[in-house]
file run.csv (CSV, C-alpha atoms)
chain,number,residue,atom,x,y,z
A,1,MET,CA,93.7,84.3,99.2
A,2,LYS,CA,93.6,87.2,96.8
A,3,GLU,CA,91.4,89.2,99.1
A,4,ASN,CA,93.7,88.5,102.0
A,5,LYS,CA,96.6,89.8,100.0
A,6,ILE,CA,94.7,93.0,99.2
A,7,LEU,CA,93.7,93.5,102.8
A,8,TYR,CA,97.3,93.0,103.9
A,9,GLU,CA,98.5,95.5,101.4
A,10,ILE,CA,95.8,98.0,102.6
A,11,PHE,CA,96.7,97.5,106.2
A,12,HIS,CA,100.3,98.3,105.6
A,13,SER,CA,99.7,101.1,103.1
A,14,MET,CA,99.7,104.2,105.4
A,15,ARG,CA,103.0,103.9,107.4
A,16,SER,CA,106.4,102.7,106.4
A,17,GLU,CA,108.7,101.1,109.0
A,18,TYR,CA,110.4,104.5,109.5
A,19,GLU,CA,107.0,106.2,110.0
A,20,THR,CA,105.9,103.8,112.6
A,21,ARG,CA,108.9,105.0,114.7
A,22,GLY,CA,107.2,108.2,115.6
A,23,LEU,CA,104.4,106.3,117.3
A,24,TYR,CA,106.8,104.3,119.4
A,25,GLU,CA,108.5,107.6,120.3
A,26,LEU,CA,105.2,109.2,121.3
A,27,ILE,CA,104.2,106.2,123.4
A,28,LEU,CA,107.6,106.2,125.2
A,29,TYR,CA,107.2,109.9,125.8
A,30,LEU,CA,103.7,109.6,127.2
A,31,ASN,CA,104.9,107.1,129.7
A,32,TYR,CA,106.8,109.9,131.4
A,33,TYR,CA,103.5,111.4,132.4
A,34,PHE,CA,101.2,108.4,132.9
A,35,ASP,CA,101.2,104.6,132.6
A,36,THR,CA,99.7,103.9,129.2
A,37,SER,CA,98.9,100.3,130.2
A,38,THR,CA,96.2,101.8,132.5
A,39,ALA,CA,95.0,104.5,130.1
A,40,THR,CA,92.2,105.0,127.6
A,41,MET,CA,92.7,106.8,124.3
A,42,VAL,CA,90.8,107.8,121.3
A,43,GLU,CA,92.2,107.6,117.7
A,44,LEU,CA,90.4,109.7,115.2
A,45,GLY,CA,90.8,108.5,111.6
A,46,SER,CA,91.9,104.8,112.2
A,47,TYR,CA,91.7,103.9,108.5
A,48,SER,CA,93.0,100.3,108.1
A,49,GLY,CA,94.1,100.0,111.8
A,50,GLN,CA,97.9,100.1,111.3
A,51,SER,CA,98.5,102.7,113.9
A,52,THR,CA,95.6,101.4,116.0
A,53,SER,CA,97.4,98.1,116.3
A,54,ILE,CA,100.5,99.8,117.7
A,55,PHE,CA,98.5,101.9,120.2
A,56,SER,CA,96.6,98.8,121.3
A,57,ASN,CA,99.9,97.1,122.2
A,58,TYR,CA,100.4,99.7,125.0
A,59,PHE,CA,97.1,101.3,126.0
A,60,LYS,CA,94.6,99.6,128.2
A,61,LYS,CA,91.8,100.6,125.8
A,62,VAL,CA,91.9,102.2,122.3
A,63,ILE,CA,88.6,103.6,120.9
A,64,ALA,CA,89.0,103.7,117.1
A,65,ILE,CA,86.7,106.3,115.4
A,66,ASP,CA,86.3,106.5,111.6
A,67,PRO,CA,83.3,106.9,109.3
A,68,TRP,CA,85.0,104.6,106.7
A,69,LYS,CA,83.4,106.6,103.9
A,70,ASN,CA,84.9,107.4,100.6
A,71,TYR,CA,86.1,110.9,99.9
A,72,GLU,CA,88.4,112.5,97.3
A,73,ALA,CA,91.5,112.8,99.5
A,74,LEU,CA,91.8,109.0,99.8
A,75,PRO,CA,91.2,107.8,96.2
A,76,LYS,CA,93.6,104.7,96.2
A,77,TYR,CA,91.4,102.2,98.1
A,78,ASP,CA,87.6,101.8,98.5
A,79,MET,CA,86.8,102.5,102.1
A,80,GLU,CA,84.7,99.4,102.4
A,81,GLU,CA,87.9,97.4,101.7
A,82,VAL,CA,89.8,99.6,104.2
A,83,GLU,CA,87.2,98.8,106.8
A,84,ARG,CA,87.4,95.1,106.1
A,85,ALA,CA,91.2,95.4,106.6
A,86,PHE,CA,90.6,97.1,109.9
A,87,ASP,CA,88.2,94.4,111.0
A,88,LYS,CA,90.5,91.6,110.0
A,89,PHE,CA,93.7,92.8,111.6
A,90,VAL,CA,92.6,94.7,114.7
A,91,GLY,CA,88.9,94.4,115.0
A,92,SER,CA,89.1,91.3,117.2
A,93,ARG,CA,91.6,92.8,119.7
A,94,LYS,CA,89.9,92.8,123.1
A,95,ASN,CA,91.2,96.3,124.0
A,96,VAL,CA,90.1,97.9,120.7
A,97,GLU,CA,86.6,99.4,120.5
A,98,LYS,CA,85.4,100.3,117.0
A,99,ARG,CA,83.1,103.3,116.7
A,100,LYS,CA,81.9,104.0,113.2
A,101,GLY,CA,80.9,107.6,112.7
A,102,TYR,CA,82.2,111.2,112.4
A,103,SER,CA,84.4,112.8,115.0
A,104,VAL,CA,82.1,115.6,116.2
A,105,GLU,CA,79.0,113.4,116.4
A,106,VAL,CA,80.8,110.6,118.2
A,107,SER,CA,82.5,113.1,120.7
A,108,GLU,CA,79.0,113.9,122.0
A,109,THR,CA,78.7,110.3,123.4
A,110,PHE,CA,81.8,110.8,125.6
A,111,GLU,CA,81.8,112.2,129.1
A,112,ASP,CA,84.1,115.1,129.9
A,113,ASN,CA,87.3,114.3,131.8
A,114,SER,CA,87.2,110.7,130.7
A,115,LEU,CA,90.2,110.2,128.4
A,116,ASP,CA,93.9,110.2,128.8
A,117,PHE,CA,94.9,110.8,125.2
A,118,VAL,CA,93.3,111.8,121.9
A,119,TYR,CA,95.2,111.2,118.6
A,120,ILE,CA,93.8,113.1,115.6
A,121,ASP,CA,94.5,111.7,112.1
A,122,ALA,CA,91.2,112.3,110.4
A,123,ARG,CA,90.5,115.1,107.9
A,124,HIS,CA,93.6,117.2,107.6
A,125,GLU,CA,92.2,120.5,106.4
A,126,GLU,CA,92.8,123.3,108.9
A,127,GLU,CA,89.2,123.9,109.9
A,128,TYR,CA,88.6,120.2,110.5
A,129,VAL,CA,91.7,119.8,112.6
A,130,LEU,CA,90.7,122.8,114.8
A,131,GLU,CA,87.2,121.5,115.1
A,132,ASP,CA,88.5,118.1,116.3
A,133,ILE,CA,90.8,119.8,118.8
A,134,GLU,CA,87.9,121.9,120.2
A,135,VAL,CA,85.3,119.2,120.6
A,136,TRP,CA,87.7,116.6,122.1
A,137,LEU,CA,89.6,118.8,124.5
A,138,PRO,CA,86.9,118.8,127.2
A,139,LYS,CA,86.9,115.0,127.1
A,140,LEU,CA,90.5,114.8,128.4
A,141,LYS,CA,91.5,114.3,132.0
A,142,LYS,CA,93.6,116.8,133.9
A,143,HIS,CA,96.8,115.0,132.9
A,144,GLY,CA,95.6,114.4,129.4
A,145,PHE,CA,97.4,114.9,126.1
A,146,ILE,CA,96.1,115.7,122.6
A,147,GLY,CA,98.1,115.0,119.5
A,148,GLY,CA,97.9,113.8,115.9
A,149,HIS,CA,99.6,113.1,112.7
A,150,ASP,CA,101.0,115.0,109.6
A,151,PHE,CA,102.4,118.2,111.2
A,152,TYR,CA,104.8,119.1,108.5
A,153,LEU,CA,107.6,121.6,109.0
A,154,TYR,CA,109.1,121.5,105.5
A,155,SER,CA,107.7,123.3,102.5
A,156,VAL,CA,104.6,121.4,101.4
A,157,THR,CA,101.6,122.5,99.3
A,158,ASP,CA,99.1,122.5,102.1
A,159,PRO,CA,100.5,122.3,105.7
A,160,TRP,CA,97.0,122.4,107.1
A,161,VAL,CA,97.7,120.4,110.3
A,162,GLY,CA,100.7,122.5,111.3
A,163,LYS,CA,98.8,125.8,110.7
A,164,ALA,CA,95.8,124.6,112.7
A,165,VAL,CA,97.9,123.4,115.7
A,166,LEU,CA,100.0,126.6,115.8
A,167,SER,CA,96.9,128.8,115.5
A,168,LYS,CA,95.7,127.1,118.7
A,169,TYR,CA,98.9,126.6,120.7
A,170,ASP,CA,102.2,128.4,121.2
A,171,LYS,CA,105.0,126.6,119.5
A,172,ASP,CA,106.7,126.0,122.8
A,173,ASP,CA,103.8,123.9,123.9
A,174,VAL,CA,104.0,121.5,120.9
A,175,LEU,CA,106.3,118.5,120.7
A,176,LEU,CA,107.1,116.9,117.3
A,177,PHE,CA,108.1,113.3,116.4
A,178,THR,CA,109.9,111.8,113.5
A,179,ASP,CA,106.8,110.8,111.6
A,180,GLY,CA,105.1,114.1,111.8
A,181,SER,CA,103.2,113.3,114.9
A,182,TRP,CA,102.6,116.2,117.3
A,183,LEU,CA,101.7,116.3,121.0
A,184,VAL,CA,100.4,118.9,123.4
A,185,LYS,CA,100.1,118.6,127.2
A,186,CYS,CA,96.7,120.0,127.8
A,187,ASN,CA,97.3,121.1,131.4
A,188,THR,CA,100.6,123.1,131.3
A,189,THR,CA,100.8,123.3,135.1
A,190,TYR,CA,101.1,119.5,135.3
A,191,THR,CA,104.6,118.2,136.0
A,192,PHE,CA,106.0,114.7,135.7
A,193,LYS,CA,108.6,115.3,138.4
A,194,ASP,CA,106.9,113.1,140.9
A,195,GLU,CA,104.8,111.1,138.5
A,196,ILE,CA,107.3,109.1,136.4
A,197,LEU,CA,106.0,105.6,136.1
A,198,TYR,CA,108.2,104.4,133.2
A,199,ILE,CA,111.4,105.9,131.7
A,200,PRO,CA,112.5,104.8,128.3
A,201,PRO,CA,116.1,103.5,128.5
A,202,LEU,CA,117.4,105.6,125.6
A,203,GLN,CA,116.4,109.1,124.5
A,204,VAL,CA,117.8,112.0,122.6
A,205,LYS,CA,116.3,115.5,122.7
A,206,ASP,CA,117.0,118.0,119.9
A,207,GLU,CA,115.6,121.3,118.5
A,208,HIS,CA,115.6,121.8,114.8
A,209,ILE,CA,115.5,125.1,112.9
A,210,LEU,CA,114.0,124.2,109.6
A,211,ASP,CA,113.3,126.2,106.4
A,212,GLY,CA,111.3,129.1,108.0
A,213,SER,CA,107.9,127.8,107.1
A,214,PHE,CA,107.3,127.4,110.8
A,215,PRO,CA,109.1,128.7,113.9
A,216,PRO,CA,111.8,126.4,115.5
A,217,MET,CA,109.9,123.6,117.1
A,218,ASN,CA,110.7,121.2,120.0
A,219,HIS,CA,111.5,117.8,118.5
A,220,TYR,CA,111.7,114.5,120.4
A,221,CYS,CA,113.6,111.5,119.2
A,222,ALA,CA,113.9,108.2,121.1
A,223,ASP,CA,116.6,105.8,120.0
A,224,ILE,CA,114.4,102.8,119.3
A,225,SER,CA,116.1,99.7,117.9
A,226,LYS,CA,114.4,96.6,116.6
A,227,LYS,CA,115.3,94.9,119.9
A,228,ASP,CA,113.6,97.7,121.8
A,229,LYS,CA,110.4,97.3,119.7
A,230,LYS,CA,110.5,93.5,120.3
A,231,ASP,CA,110.9,94.1,124.0
A,232,MET,CA,107.9,96.5,124.0
A,233,ILE,CA,105.7,94.1,122.2
A,234,GLU,CA,106.7,91.2,124.6
A,235,ASP,CA,105.9,93.5,127.5
A,236,ALA,CA,102.5,94.2,126.0
A,237,LYS,CA,101.8,90.5,125.6
A,238,LYS,CA,102.6,89.9,129.2
A,239,ARG,CA,100.0,92.5,130.1
A,240,GLY,CA,97.5,90.7,128.0
A,241,LEU,CA,97.1,93.6,125.5
A,242,VAL,CA,98.1,91.6,122.4
call {"tool": "encode", "arguments": {"input": "run.csv", "output": "structure tokens"}}
result
Amino acid sequence: MKENKILYEIFHSMRSEYETRGLYELILYLNYYFDTSTATMVELGSYSGQSTSIFSNYFKKVIAIDPWKNYEALPKYDMEEVERAFDKFVGSRKNVEKRKGYSVEVSETFEDNSLDFVYIDARHEEEYVLEDIEVWLPKLKKHGFIGGHDFYLYSVTDPWVGKAVLSKYDKDDVLLFTDGSWLVKCNTTYTFKDEILYIPPLQVKDEHILDGSFPPMNHYCADISKKDKKDMIEDAKKRGLV
């Protein structure tokens, strides 16, 4: 019982209820461009599987990649326990494939033009973020998206992810979400005009000018209530993804 309590605590340690909102927004937005229920994605840095579980509710297949090795930036929990939490709470999901290893090495096992979406939440130092972007971009299909977590716009000590993304992409090509998730449409000539498969019922678009640390960015906010989340999960169950 004590171990189960610890694993439960680890599983829920990375994202608060508010922070999970950004993933729901991101999934809703992606459905403007392609149907996630038929799509395959990669998540880099799955940790305990909290975000993996959300993605797996809506994507046909989620490939979760993480070395589950201890390093100084994550001192709170031993990574062996974190991996056990992942295995317990999401490891048995039929549409989740666990790949234990480092991002660059595992990327070599994927064919080019094979993925719909890559979400980067691994090492956050600027050089690692850029490396992940570079090695995974060729793996995306024509309509593919690349994105990730922890793009901070406010003044923080080390806004590595934001610096990395803006050194690679123009700010007008980057879309931000409430939890610090970011998204880039890799083929800028692709349009959703004739490709809409699902439209979220409620949405608000806004542009925020923040403290000057970064240029004004595009910001997406979907009005997601608890009922909306429940309906999304029920829909995923009907499709056999949960």
call {"tool": "closest_atom_pairs", "arguments": {"input": "run.csv", "of": "segment 82-199 of chain A", "to": "segment 47-64 of chain A", "cutoff": "6 Å", "atoms": "all atoms listed in the file", "output": "CSV"}}
result
residue,atom,partner,partner_atom,distance
A:Val82,CA,A:Ser48,CA,5.1
A:Ala85,CA,A:Ser48,CA,5.4
A:Phe86,CA,A:Ser48,CA,4.4
A:Asn95,CA,A:Lys61,CA,4.7
A:Val96,CA,A:Val62,CA,4.9
A:Glu97,CA,A:Ile63,CA,4.7
A:Lys98,CA,A:Ala64,CA,5.0
A:Arg99,CA,A:Ala64,CA,5.9
call {"tool": "write_last_selection", "arguments": {"input": "run.csv", "atoms": "C-alpha atoms", "output": "CSV table (one decimal), in the frame of the given file"}}
result
chain,number,residue,atom,x,y,z
A,82,VAL,CA,89.8,99.6,104.2
A,85,ALA,CA,91.2,95.4,106.6
A,86,PHE,CA,90.6,97.1,109.9
A,95,ASN,CA,91.2,96.3,124.0
A,96,VAL,CA,90.1,97.9,120.7
A,97,GLU,CA,86.6,99.4,120.5
A,98,LYS,CA,85.4,100.3,117.0
A,99,ARG,CA,83.1,103.3,116.7
call {"tool": "closest_residue", "arguments": {"input": "run.csv", "among": "A:Phe177, A:Val184, A:Asp150, A:Glu83", "to": "Ile133 of chain A", "atoms": "all atoms listed in the file"}}
result
A:Val184
call {"tool": "residues_around", "arguments": {"input": "run.csv", "residues": "Tyr128 of chain A", "least_positions_apart": "2", "cutoff": "12 Å", "atoms": "only C-alpha atoms", "output": "list in words"}}
result
Leu44, Gly45, Tyr102, Ser103, Val104, Ile120, Asp121, Ala122, Arg123, His124, Glu125, Glu126, Leu130, Glu131, Asp132, Ile133, Glu134, Val135, Trp160, Val161, Lys163, Ala164 and Val165 of chain A
call {"tool": "atom_distance", "arguments": {"input": "run.csv", "atom1": "atom CA of Ser114 of chain A", "atom2": "atom CA of Leu140 of chain A"}}
result
5.7 Å
call {"tool": "atom_distance", "arguments": {"input": "run.csv", "atom1": "atom CA of Thr20 of chain A", "atom2": "atom CA of Asp179 of chain A"}}
result
7.1 Å
call {"tool": "residues_around", "arguments": {"input": "run.csv", "residues": "Ser181 of chain A", "least_positions_apart": "5", "cutoff": "8 Å", "atoms": "all atoms listed in the file", "output": "number ranges by chain"}}
result
A: 22-23, 26, 147-151, 176
call {"tool": "atom_distance", "arguments": {"input": "run.csv", "atom1": "atom CA of Cys186 of chain A", "atom2": "atom CA of Arg21 of chain A"}}
result
23.4 Å
call {"tool": "closest_residue", "arguments": {"input": "run.csv", "among": "A:Lys5, A:Arg84, A:Lys141, A:Arg15", "to": "Asp112 of chain A", "atoms": "only C-alpha atoms"}}
result
A:Lys141
call {"tool": "closest_residue", "arguments": {"input": "run.csv", "among": "A:Glu81, A:Val42, A:Asp66, A:Thr36", "to": "Leu7 of chain A", "atoms": "all atoms listed in the file"}}
result
A:Glu81
call {"tool": "residues_around", "arguments": {"input": "run.csv", "residues": "Asp116 of chain A", "least_positions_apart": "6", "cutoff": "7 Å", "atoms": "only C-alpha atoms", "output": "list in words"}}
result
Ala39, Thr40, Met41, Leu140, Lys141, His143, Gly144 and Phe145 of chain A
